[in-house]
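Enquirer: What follows is coords_3.cif; its format and atoms are mmCIF, C-alpha atoms.
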```cif
data_final
loop_
_atom_site.group_PDB
_atom_site.id
_atom_site.type_symbol
_atom_site.label_atom_id
_atom_site.label_comp_id
_atom_site.auth_asym_id
_atom_site.auth_seq_id
_atom_site.Cartn_x
_atom_site.Cartn_y
_atom_site.Cartn_z
ATOM 1 C CA MET V 335 106.091 61.242 108.040
ATOM 2 C CA GLU V 336 105.325 64.694 109.346
ATOM 3 C CA ASN V 337 102.047 65.028 111.227
ATOM 4 C CA LYS V 338 100.453 67.934 109.414
ATOM 5 C CA GLU V 339 97.618 68.274 111.910
ATOM 6 C CA SER V 340 100.135 69.355 114.569
ATOM 7 C CA ILE V 341 101.441 72.246 112.492
ATOM 8 C CA GLN V 342 100.070 75.670 113.365
ATOM 9 C CA PRO V 343 98.604 77.539 110.332
ATOM 10 C CA HIS V 344 100.886 80.529 110.986
ATOM 11 C CA ASP V 345 103.956 78.285 111.135
ATOM 12 C CA TRP V 346 102.889 76.546 107.936
ATOM 13 C CA PHE V 347 102.446 79.866 106.114
ATOM 14 C CA PHE V 348 105.745 81.277 107.331
ATOM 15 C CA LYS V 349 107.522 78.108 106.216
ATOM 16 C CA GLN V 350 105.903 78.265 102.783
ATOM 17 C CA VAL V 351 107.023 81.870 102.299
ATOM 18 C CA PHE V 352 110.547 81.761 103.694
ATOM 19 C CA SER V 353 111.604 78.315 102.508
ATOM 20 C CA ASN V 354 112.055 80.082 99.178
ATOM 21 C CA PRO V 355 115.646 81.453 99.054
ATOM 22 C CA LYS V 356 114.583 84.173 96.569
ATOM 23 C CA ASN V 357 112.081 85.517 99.116
ATOM 24 C CA VAL V 358 114.769 85.548 101.800
ATOM 25 C CA GLN V 359 117.220 87.328 99.494
ATOM 26 C CA ASP V 360 114.658 90.005 98.632
ATOM 27 C CA PHE V 361 113.526 90.365 102.226
ATOM 28 C CA ILE V 362 117.073 91.025 103.432
ATOM 29 C CA SER V 363 117.818 93.448 100.591
ATOM 30 C CA ILE V 364 114.600 95.404 101.278
ATOM 31 C CA PHE V 365 114.361 95.426 105.061
ATOM 32 C CA LEU V 366 117.965 94.863 106.146
ATOM 33 C CA PRO V 367 119.960 96.752 103.484
ATOM 34 C CA ASP V 368 123.080 97.092 105.645
ATOM 35 C CA LEU V 369 123.191 93.330 106.162
ATOM 36 C CA SER V 370 122.629 92.729 102.448
ATOM 37 C CA GLN V 371 125.872 94.593 101.740
ATOM 38 C CA LYS V 372 127.829 92.285 104.030
ATOM 39 C CA ILE V 373 126.643 88.837 102.982
ATOM 40 C CA GLN V 374 126.631 87.171 99.577
ATOM 41 C CA LEU V 375 122.898 86.927 98.986
ATOM 42 C CA ASN V 376 123.272 84.540 96.076
ATOM 43 C CA SER V 377 125.033 82.084 98.409
ATOM 44 C CA LEU V 378 121.947 81.530 100.566
ATOM 45 C CA GLU V 379 121.221 77.820 100.912
ATOM 46 C CA ILE V 380 118.562 76.347 103.179
ATOM 47 C CA VAL V 381 119.843 73.797 105.688
ATOM 48 C CA PRO V 382 117.658 70.997 107.101
ATOM 49 C CA SER V 383 117.351 72.266 110.664
ATOM 50 C CA GLU V 384 116.296 68.876 112.044
ATOM 51 C CA LYS V 385 119.957 67.831 112.328
ATOM 52 C CA PHE V 386 120.559 70.794 114.652
ATOM 53 C CA SER V 387 117.482 70.387 116.803
ATOM 54 C CA ASN V 388 117.867 66.885 118.252
ATOM 55 C CA ASN V 389 116.896 66.915 121.932
ATOM 56 C CA GLN V 390 116.022 70.595 121.669
ATOM 57 C CA LYS V 391 112.443 71.319 122.678
ATOM 58 C CA LYS V 392 111.602 74.496 120.830
ATOM 59 C CA HIS V 393 108.480 76.602 121.067
ATOM 60 C CA PHE V 394 108.926 78.398 117.764
ATOM 61 C CA LEU V 395 109.363 77.603 114.097
ATOM 62 C CA ASP V 396 112.762 78.347 112.602
ATOM 63 C CA LEU V 397 114.376 78.098 109.186
ATOM 64 C CA LEU V 398 118.151 77.886 108.909
ATOM 65 C CA TYR V 399 120.162 79.204 105.959
ATOM 66 C CA LYS V 400 123.873 78.917 105.269
ATOM 67 C CA CYS V 401 125.568 81.798 103.483
ATOM 68 C CA LYS V 402 128.933 83.418 102.858
ATOM 69 C CA LEU V 403 130.077 86.313 105.015
ATOM 70 C CA ASN V 404 133.497 87.702 104.019
ATOM 71 C CA ASP V 405 134.110 84.443 102.123
ATOM 72 C CA LYS V 406 133.499 82.353 105.237
ATOM 73 C CA ASP V 407 130.489 80.263 106.189
ATOM 74 C CA ALA V 408 127.826 81.904 108.320
ATOM 75 C CA TYR V 409 124.251 81.108 109.269
ATOM 76 C CA ILE V 410 121.059 83.132 109.072
ATOM 77 C CA ARG V 411 118.249 81.782 111.185
ATOM 78 C CA LEU V 412 114.684 82.989 110.666
ATOM 79 C CA ILE V 413 112.560 82.512 113.786
ATOM 80 C CA PHE V 414 108.805 82.919 113.716
ATOM 81 C CA GLU V 415 106.999 83.921 116.906
ATOM 82 C CA HIS V 416 103.228 84.294 116.709
ATOM 83 C CA LYS V 417 102.113 83.843 120.318
ATOM 84 C CA SER V 418 99.590 86.301 121.699
ATOM 85 C CA TYR V 419 102.162 87.305 124.297
ATOM 86 C CA VAL V 420 105.894 88.039 124.271
ATOM 87 C CA ASP V 421 107.764 84.907 125.325
ATOM 88 C CA LYS V 422 110.613 85.968 127.605
ATOM 89 C CA LYS V 423 112.189 82.519 127.279
ATOM 90 C CA LEU V 424 112.761 82.973 123.552
ATOM 91 C CA PRO V 425 116.296 84.451 123.942
ATOM 92 C CA LEU V 426 117.279 81.528 126.190
ATOM 93 C CA GLN V 427 116.117 79.061 123.535
ATOM 94 C CA LEU V 428 118.006 81.000 120.868
ATOM 95 C CA MET V 429 121.216 80.773 122.871
ATOM 96 C CA GLN V 430 120.795 77.035 123.445
ATOM 97 C CA TYR V 431 120.169 76.454 119.770
ATOM 98 C CA ASN V 432 123.166 78.596 118.777
ATOM 99 C CA ALA V 433 125.317 76.245 120.852
ATOM 100 C CA VAL V 434 123.882 73.232 118.996
ATOM 101 C CA ILE V 435 124.667 74.829 115.612
ATOM 102 C CA TRP V 436 128.242 75.595 116.680
ATOM 103 C CA GLU V 437 128.732 72.097 118.065
ATOM 104 C CA GLU V 438 127.676 70.627 114.725
ATOM 105 C CA ALA V 439 129.707 73.144 112.704
ATOM 106 C CA LEU V 440 132.920 72.424 114.634
ATOM 107 C CA LYS V 441 132.851 68.859 113.319
ATOM 108 C CA GLU V 442 133.883 70.293 109.947
ATOM 109 C CA LYS V 443 135.350 73.735 110.670
ATOM 110 C CA ASP V 444 138.107 75.191 112.803
ATOM 111 C CA TYR V 445 136.146 78.333 113.677
ATOM 112 C CA TYR V 446 132.772 79.325 115.076
ATOM 113 C CA PRO V 447 130.649 80.564 112.152
ATOM 114 C CA PRO V 448 128.609 83.718 112.813
ATOM 115 C CA ILE V 449 124.908 83.181 113.456
ATOM 116 C CA ILE V 450 122.461 85.965 112.585
ATOM 117 C CA ASN V 451 119.114 85.476 114.331
ATOM 118 C CA ILE V 452 116.128 87.259 112.779
ATOM 119 C CA VAL V 453 112.904 87.043 114.802
ATOM 120 C CA PHE V 454 109.600 87.630 112.992
ATOM 121 C CA TYR V 455 106.673 88.629 115.165
ATOM 122 C CA HIS V 456 103.033 89.325 114.331
ATOM 123 C CA GLY V 457 101.338 88.836 117.690
ATOM 124 C CA ARG V 458 98.683 91.250 118.883
ATOM 125 C CA VAL V 459 100.651 92.421 121.931
ATOM 126 C CA LYS V 460 103.439 94.942 121.393
ATOM 127 C CA TRP V 461 106.924 93.420 121.574
ATOM 128 C CA ASN V 462 108.486 94.959 124.672
ATOM 129 C CA PHE V 463 111.534 92.804 125.229
ATOM 130 C CA PRO V 464 115.113 93.958 124.529
ATOM 131 C CA THR V 465 116.919 92.647 121.443
ATOM 132 C CA THR V 466 120.264 92.563 123.265
ATOM 133 C CA ILE V 467 120.379 90.527 126.449
ATOM 134 C CA PRO V 468 121.318 91.316 129.128
ATOM 135 C CA GLU V 469 121.144 95.112 129.082
ATOM 136 C CA ILE V 470 124.163 96.614 130.855
ATOM 137 C CA GLU V 471 124.206 100.293 131.782
ATOM 138 C CA ASP V 472 127.837 100.313 132.934
ATOM 139 C CA GLU V 473 129.836 100.807 129.699
ATOM 140 C CA GLU V 474 133.110 99.682 131.287
ATOM 141 C CA LEU V 475 131.510 96.464 132.541
ATOM 142 C CA ASP V 476 129.632 95.905 129.291
ATOM 143 C CA LYS V 477 132.611 94.522 127.379
ATOM 144 C CA TYR V 478 133.051 91.694 129.894
ATOM 145 C CA ILE V 479 129.499 90.379 129.700
ATOM 146 C CA GLN V 480 128.442 87.539 127.403
ATOM 147 C CA LYS V 481 125.460 88.627 125.318
ATOM 148 C CA LEU V 482 122.844 87.418 122.924
ATOM 149 C CA ASN V 483 121.397 89.683 120.282
ATOM 150 C CA TYR V 484 118.811 89.197 117.578
ATOM 151 C CA ILE V 485 117.150 91.283 114.892
ATOM 152 C CA LEU V 486 113.449 91.895 115.518
ATOM 153 C CA ILE V 487 111.022 92.206 112.617
ATOM 154 C CA ASP V 488 107.711 93.230 114.169
ATOM 155 C CA LEU V 489 105.195 93.220 111.315
ATOM 156 C CA ASN V 490 102.862 95.396 113.389
ATOM 157 C CA GLU V 491 105.471 98.163 113.282
ATOM 158 C CA ILE V 492 105.836 98.148 109.467
ATOM 159 C CA GLU V 493 103.346 100.443 107.763
ATOM 160 C CA ASP V 494 101.302 98.939 104.926
ATOM 161 C CA GLU V 495 102.438 101.685 102.579
ATOM 162 C CA ASN V 496 106.046 100.901 103.357
ATOM 163 C CA LEU V 497 105.403 97.283 102.367
ATOM 164 C CA LYS V 498 103.511 98.234 99.198
ATOM 165 C CA ARG V 499 106.382 100.415 98.024
ATOM 166 C CA HIS V 500 108.315 97.212 97.351
ATOM 167 C CA LEU V 501 105.652 95.336 95.365
ATOM 168 C CA LYS V 502 107.651 95.610 92.145
ATOM 169 C CA LYS V 503 110.659 94.026 93.825
ATOM 170 C CA ASN V 504 108.792 90.843 94.768
ATOM 171 C CA VAL V 505 104.997 90.997 94.621
ATOM 172 C CA ASP V 506 104.532 87.492 96.078
ATOM 173 C CA LEU V 507 106.684 88.203 99.131
ATOM 174 C CA ILE V 508 105.036 91.551 99.875
ATOM 175 C CA MET V 509 101.512 90.180 99.422
ATOM 176 C CA GLU V 510 102.329 87.315 101.764
ATOM 177 C CA MET V 511 103.789 89.667 104.360
ATOM 178 C CA LEU V 512 100.686 91.865 104.163
ATOM 179 C CA ILE V 513 98.445 88.846 104.721
ATOM 180 C CA MET V 514 100.629 87.655 107.595
ATOM 181 C CA LYS V 515 100.435 91.083 109.183
ATOM 182 C CA HIS V 516 96.640 91.346 108.896
ATOM 183 C CA ILE V 517 95.652 87.713 109.386
ATOM 184 C CA HIS V 518 93.967 88.559 112.710
ATOM 185 C CA ASP V 519 91.733 91.151 110.989
ATOM 186 C CA ARG V 520 88.228 90.475 109.733
ATOM 187 C CA LEU V 521 87.901 89.086 106.208
ATOM 188 C CA GLU V 522 86.273 92.312 105.009
ATOM 189 C CA ARG V 523 89.360 94.243 106.100
ATOM 190 C CA ILE V 524 91.611 91.747 104.309
ATOM 191 C CA LYS V 525 89.438 92.035 101.184
ATOM 192 C CA THR V 526 89.864 95.814 101.199
ATOM 193 C CA LEU V 527 93.591 95.411 101.678
ATOM 194 C CA LEU V 528 93.870 93.049 98.699
ATOM 195 C CA LYS V 529 91.680 95.212 96.470
ATOM 196 C CA ASP V 530 93.954 98.174 97.139
ATOM 197 C CA VAL V 531 96.909 96.215 95.741
ATOM 198 C CA LYS V 532 96.791 96.709 91.986
ATOM 199 C CA VAL V 533 99.423 94.080 91.150
ATOM 200 C CA GLU V 534 98.482 90.400 90.953
ATOM 201 C CA CYS V 535 100.609 87.812 92.674
ATOM 202 C CA SER V 536 101.490 84.489 91.064
ATOM 203 C CA GLU V 537 99.153 81.493 91.123
ATOM 204 C CA ASP V 538 101.471 79.727 93.587
ATOM 205 C CA CYS V 539 101.279 82.693 95.939
ATOM 206 C CA PHE V 540 97.496 82.778 95.569
ATOM 207 C CA VAL V 541 97.276 79.086 96.510
ATOM 208 C CA ILE V 542 99.318 79.689 99.660
ATOM 209 C CA ILE V 543 97.225 82.723 100.661
ATOM 210 C CA LEU V 544 93.946 80.887 100.027
ATOM 211 C CA ASN V 545 95.029 77.912 102.135
ATOM 212 C CA TYR V 546 96.293 80.164 104.931
ATOM 213 C CA LEU V 547 93.057 82.143 105.112
ATOM 214 C CA VAL V 548 90.985 78.960 105.137
ATOM 215 C CA LEU V 549 93.134 77.387 107.853
ATOM 216 C CA VAL V 550 92.860 80.455 110.088
ATOM 217 C CA LYS V 551 89.322 81.668 109.325
ATOM 218 C CA LYS V 552 87.886 78.121 109.014
ATOM 219 C CA ASP V 553 85.290 79.220 106.444
ATOM 220 C CA TYR V 554 86.173 78.036 102.952
ATOM 221 C CA GLU V 555 83.031 79.407 101.286
ATOM 222 C CA LYS V 556 83.473 82.900 102.735
ATOM 223 C CA VAL V 557 87.183 82.978 101.889
ATOM 224 C CA GLU V 558 86.465 81.756 98.358
ATOM 225 C CA GLU V 559 83.785 84.442 97.964
ATOM 226 C CA VAL V 560 86.219 87.158 99.018
ATOM 227 C CA LEU V 561 88.988 85.908 96.747
ATOM 228 C CA ARG V 562 86.602 85.423 93.828
ATOM 229 C CA GLU V 563 85.799 89.116 94.019
ATOM 230 C CA ILE V 564 89.485 89.985 94.182
ATOM 231 C CA ARG V 565 90.415 87.718 91.278
ATOM 232 C CA GLY V 566 87.808 89.163 88.937
ATOM 233 C CA GLY V 567 84.773 86.939 88.734
ATOM 234 C CA GLU V 568 83.350 83.436 88.731
ATOM 235 C CA GLU V 569 85.042 82.104 85.591
ATOM 236 C CA LYS V 570 88.572 83.012 86.662
ATOM 237 C CA MET V 571 87.966 81.646 90.153
ATOM 238 C CA MET V 572 86.619 78.377 88.738
ATOM 239 C CA LEU V 573 89.740 77.961 86.643
ATOM 240 C CA PHE V 574 91.811 78.534 89.739
ATOM 241 C CA THR V 575 89.704 76.139 91.836
ATOM 242 C CA ASP V 576 90.164 73.426 89.205
ATOM 243 C CA LYS V 577 93.912 74.009 89.348
ATOM 244 C CA LEU V 578 93.827 73.824 93.141
ATOM 245 C CA LYS V 579 92.013 70.474 93.006
ATOM 246 C CA ILE V 580 94.621 69.098 90.579
ATOM 247 C CA GLU V 581 97.431 70.285 92.844
ATOM 248 C CA GLY V 582 95.687 68.617 95.772
ATOM 249 C CA LYS V 583 95.542 65.311 93.884
ATOM 250 C CA ILE V 584 99.233 65.601 93.011
ATOM 251 C CA GLU V 585 100.186 66.252 96.623
ATOM 252 C CA ASN V 586 98.014 63.377 97.861
ATOM 253 C CA LEU V 587 99.617 60.969 95.377
ATOM 254 C CA ARG V 588 103.099 62.063 96.452
ATOM 255 C CA GLU V 589 102.214 61.500 100.107
ATOM 256 C CA ASN V 590 100.657 58.108 99.335
ATOM 257 C CA ILE V 591 103.828 57.007 97.537
ATOM 258 C CA ILE V 592 106.086 58.032 100.417
ATOM 259 C CA ASP V 593 103.729 56.519 103.012
ATOM 260 C CA LEU V 594 103.622 53.220 101.108
ATOM 261 C CA ILE V 595 107.427 53.101 100.874
ATOM 262 C CA ASP V 596 107.694 53.799 104.606
ATOM 263 C CA VAL V 597 105.155 51.122 105.563
ATOM 264 C CA LYS V 598 106.435 48.495 103.107
ATOM 265 C CA PHE V 599 110.201 48.873 103.501
ATOM 266 C CA GLY V 600 110.499 50.578 106.903
ATOM 267 C CA VAL V 601 112.692 53.384 105.553
ATOM 268 C CA VAL V 602 112.249 56.300 103.163
ATOM 269 C CA ASP V 603 115.059 56.967 100.699
ATOM 270 C CA LYS V 604 115.818 60.694 100.369
ATOM 271 C CA SER V 605 116.681 60.407 96.665
ATOM 272 C CA ILE V 606 113.317 58.770 95.934
ATOM 273 C CA VAL V 607 111.476 61.486 97.870
ATOM 274 C CA GLU V 608 113.264 64.187 95.890
ATOM 275 C CA LYS V 609 112.440 62.499 92.594
ATOM 276 C CA VAL V 610 108.768 62.032 93.515
ATOM 277 C CA ASN V 611 108.458 65.657 94.644
ATOM 278 C CA GLN V 612 109.755 66.838 91.268
ATOM 279 C CA ILE V 613 106.979 65.034 89.359
ATOM 280 C CA ASP V 614 103.717 66.915 88.827
ATOM 281 C CA ASN V 615 102.043 64.582 86.314
ATOM 282 C CA ILE V 616 99.151 62.654 87.862
ATOM 283 C CA GLU V 617 99.423 59.616 85.580
ATOM 284 C CA THR V 618 103.173 59.310 86.208
ATOM 285 C CA LEU V 619 102.604 59.472 89.958
ATOM 286 C CA LYS V 620 99.933 56.774 89.713
ATOM 287 C CA GLN V 621 102.422 54.641 87.799
ATOM 288 C CA ILE V 622 105.029 55.129 90.541
ATOM 289 C CA LEU V 623 102.466 54.172 93.199
ATOM 290 C CA ARG V 624 101.862 50.911 91.318
ATOM 291 C CA ILE V 625 105.627 50.363 91.001
ATOM 292 C CA VAL V 626 106.099 50.694 94.757
ATOM 293 C CA GLY V 627 103.182 48.346 95.399
ATOM 294 C CA LYS V 628 104.647 45.612 93.156
ATOM 295 C CA SER V 629 108.324 46.011 94.105
ATOM 296 C CA HIS V 630 110.060 43.741 96.601
ATOM 297 C CA SER V 631 112.877 46.119 97.632
ATOM 298 C CA LEU V 632 113.945 49.763 97.571
ATOM 299 C CA ASP V 633 116.624 48.882 95.033
ATOM 300 C CA GLU V 634 113.904 47.599 92.717
ATOM 301 C CA VAL V 635 111.938 50.830 93.195
ATOM 302 C CA ARG V 636 115.033 52.932 92.390
ATOM 303 C CA GLU V 637 115.783 50.883 89.285
ATOM 304 C CA LYS V 638 112.253 51.199 87.933
ATOM 305 C CA LEU V 639 112.103 54.934 88.711
ATOM 306 C CA ASN V 640 115.330 55.497 86.795
ATOM 307 C CA SER V 641 113.764 53.857 83.751
ATOM 308 C CA LEU V 642 110.772 56.223 83.700
#
```
Spell out the structure here as structure tokens.
Expert:
Amino acid sequence: MENKESIQPHDWFFKQVFSNPKNVQDFISIFLPDLSQKIQLNSLEIVPSEKFSNNQKKHFLDLLYKCKLNDKDAYIRLIFEHKSYVDKKLPLQLMQYNAVIWEEALKEKDYYPPIINIVFYHGRVKWNFPTTIPEIEDEELDKYIQKLNYILIDLNEIEDENLKRHLKKNVDLIMEMLIMKHIHDRLERIKTLLKDVKVECSEDCFVIILNYLVLVKKDYEKVEEVLREIRGGEEKMMLFTDKLKIEGKIENLRENIIDLIDVKFGVVDKSIVEKVNQIDNIETLKQILRIVGKSHSLDEVREKLNSL
């Protein structure tokens, strides 16, 4: 099981936002319009990046998507860099990881699929590293040199008003990008920012933002007070808090089921995990937990789950 305590809040938030293919589609169409004309946005499919990262010690979070580019497979990799300084080793890690992706891809393909690296940055120090490496001034020599390039999205360089212009396109995505951009600001500044946005995001988006602010600011009561004011009063916030508690119970039950399967049988079946993660009824999840506890094998668990 994943050790959640080891996950950085910024990584967690980025993963929550950009694990959603719709958010990635809208992001590319808004901020990389030329690229959106070249790839088939509706073909975007997230790929479990663990299979590509064996023996690769990375210092950044990345999400890997497969897509179609001119009717051939290609990859889009979203890399999140939130260090307080610009890591000059990042391009080297990108190149090493590109090689791993190609090595895996060549097991099934007879060509090297294109890899588009998009680096997100919201550190406090200005990004001052080239996006094409190495930089060659001699144009005649340039064509002989192996290079790495990546697209840089520096949230500090995107004006708030430019983000807000796209609220109607995808309010959840834009709200989350605004929060990501200003997460280092004081809560009062974030409150003003949110109050200036006249469109409400979805409840799911609100849950993610609330959790992110609490994880970073480490003051649940203050964050709740700020968001209560934004959401329009005590009653509405209480309804939301009740929903958040229910969602917490659901998530805990899911984790307990998977943990029990892992401890009892020594292996976790992917199909069972997928089925459990699709269930959001507390009583049903409690029933599954009892099923796992009483079962003598994974086959028995699968059989009983199929009968639910």
Enquirer: To one decimal in Å, tell me the separation between atom CA of Ile613 of chain V and atom CA of Glu585 of chain V.
Expert: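 Answer for the atom CA of Ile613 of chain V to atom CA of Glu585 of chain V separation: 10.0 Å.
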Enquirer: Have a look at atom CA of Asn462 of chain V and atom CA of Pro367 of chain V and let me know their distance in Å, one decimal.
Expert: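 Calculated distance between atom CA of Asn462 of chain V and atom CA of Pro367 of chain V is 24.2 Å.
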Enquirer: Can you list, as a PDB file with C-alpha atoms, in the frame of the given file, every protein, DNA or RNA residue that comes within 12 Å of Leu489 of chain V when you count all atoms listed in the file, leaving out same-chain residues fewer than 4 positions away?
Expert:
```pdb
ATOM      1  CA  PHE V 365     114.361  95.426 105.061  1.00  0.00           C
ATOM      2  CA  PHE V 414     108.805  82.919 113.716  1.00  0.00           C
ATOM      3  CA  GLU V 415     106.999  83.921 116.906  1.00  0.00           C
ATOM      4  CA  HIS V 416     103.228  84.294 116.709  1.00  0.00           C
ATOM      5  CA  VAL V 453     112.904  87.043 114.802  1.00  0.00           C
ATOM      6  CA  PHE V 454     109.600  87.630 112.992  1.00  0.00           C
ATOM      7  CA  TYR V 455     106.673  88.629 115.165  1.00  0.00           C
ATOM      8  CA  HIS V 456     103.033  89.325 114.331  1.00  0.00           C
ATOM      9  CA  GLY V 457     101.338  88.836 117.690  1.00  0.00           C
ATOM     10  CA  ARG V 458      98.683  91.250 118.883  1.00  0.00           C
ATOM     11  CA  VAL V 459     100.651  92.421 121.931  1.00  0.00           C
ATOM     12  CA  LYS V 460     103.439  94.942 121.393  1.00  0.00           C
ATOM     13  CA  TRP V 461     106.924  93.420 121.574  1.00  0.00           C
ATOM     14  CA  GLU V 493     103.346 100.443 107.763  1.00  0.00           C
ATOM     15  CA  ASP V 494     101.302  98.939 104.926  1.00  0.00           C
ATOM     16  CA  ASN V 496     106.046 100.901 103.357  1.00  0.00           C
ATOM     17  CA  LEU V 497     105.403  97.283 102.367  1.00  0.00           C
ATOM     18  CA  ILE V 508     105.036  91.551  99.875  1.00  0.00           C
ATOM     19  CA  GLU V 510     102.329  87.315 101.764  1.00  0.00           C
ATOM     20  CA  MET V 511     103.789  89.667 104.360  1.00  0.00           C
ATOM     21  CA  LEU V 512     100.686  91.865 104.163  1.00  0.00           C
ATOM     22  CA  ILE V 513      98.445  88.846 104.721  1.00  0.00           C
ATOM     23  CA  MET V 514     100.629  87.655 107.595  1.00  0.00           C
ATOM     24  CA  LYS V 515     100.435  91.083 109.183  1.00  0.00           C
ATOM     25  CA  HIS V 516      96.640  91.346 108.896  1.00  0.00           C
ATOM     26  CA  ILE V 517      95.652  87.713 109.386  1.00  0.00           C
TER      27      ILE V 517
END
```
Enquirer: From the set V:Leu623, V:Ile492, V:Ile452, V:Ile580, which residue has the shortest atom-to-atom contact distance to Leu369 of chain V, counting all atoms listed in the file?
Expert: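 Closest residue, counting all atoms listed in the file: V:Ile452.
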Enquirer: On this structure, the PyMOL selection byres ((chain V and resi 346-363) around 8) would catch which residues? List them as a list in words, sorted by chain and number.
Expert: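 Taken over the shown coordinates, the PyMOL selection byres ((chain V and resi 346-363) around 8) returns Ile341, Gln342, Pro343, His344, Asp345, Ile364, Phe365, Leu366, Pro367, Leu369, Ser370, Leu375, Asn376, Leu378, Glu379, Ile380, Leu397, Phe414, Lys503, Asn504, Leu507, Glu510, Ile542 and Tyr546 of chain V.
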Enquirer: So which residues are close to (127.2, 88.9, 130.5), meaning at most 9 Å away in the file's coordinates with only C-alpha atoms counted, and can you show them as JSON, numbers by chain?
Expert: {"V": [467, 468, 469, 470, 475, 476, 477, 478, 479, 480, 481, 482]}
Enquirer: For Glu589 of chain V, please output as a VMD selection string all residues within 10 Å (counting only C-alpha atoms; exclusion window: fewer than 3 positions along the same chain).
Expert: chain V and resid 335 583 to 586 592 to 595 607 610 to 611
Enquirer: Restricted to N, CA and C atoms, what does segment 461-472 of chain V look like when written out as a CSV table (one decimal), in the first residue's frame?
Expert:
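decode_7.csv was written with the following content:
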```csv
chain,number,residue,atom,x,y,z
V,461,TRP,N,12.2,30.7,-12.5
V,461,TRP,CA,12.8,29.6,-13.3
V,461,TRP,C,13.8,30.3,-14.3
V,462,ASN,N,15.0,29.9,-14.2
V,462,ASN,CA,16.1,30.6,-15.1
V,462,ASN,C,16.9,29.6,-15.8
V,463,PHE,N,16.3,28.4,-16.1
V,463,PHE,CA,17.1,27.4,-16.8
V,463,PHE,C,16.5,27.2,-18.2
V,464,PRO,N,17.3,26.9,-19.2
V,464,PRO,CA,16.8,26.8,-20.5
V,464,PRO,C,15.9,25.6,-20.7
V,465,THR,N,15.0,25.7,-21.7
V,465,THR,CA,14.0,24.6,-21.9
V,465,THR,C,14.5,23.7,-23.1
V,466,THR,N,15.6,24.1,-23.7
V,466,THR,CA,16.3,23.2,-24.7
V,466,THR,C,17.7,23.1,-24.2
V,467,ILE,N,18.2,21.9,-24.1
V,467,ILE,CA,19.5,21.6,-23.5
V,467,ILE,C,20.2,20.6,-24.4
V,468,PRO,N,21.5,20.9,-24.7
V,468,PRO,CA,22.3,22.1,-24.4
V,468,PRO,C,21.9,23.2,-25.4
V,469,GLU,N,22.3,24.5,-25.0
V,469,GLU,CA,22.1,25.6,-25.9
V,469,GLU,C,23.3,25.7,-26.8
V,470,ILE,N,23.1,25.7,-28.1
V,470,ILE,CA,24.2,25.8,-29.1
V,470,ILE,C,24.1,27.1,-29.9
V,471,GLU,N,25.1,27.9,-29.9
V,471,GLU,CA,25.1,29.2,-30.6
V,471,GLU,C,25.4,29.0,-32.1
V,472,ASP,N,26.3,28.0,-32.4
V,472,ASP,CA,26.7,27.7,-33.8
V,472,ASP,C,25.6,26.9,-34.5
```
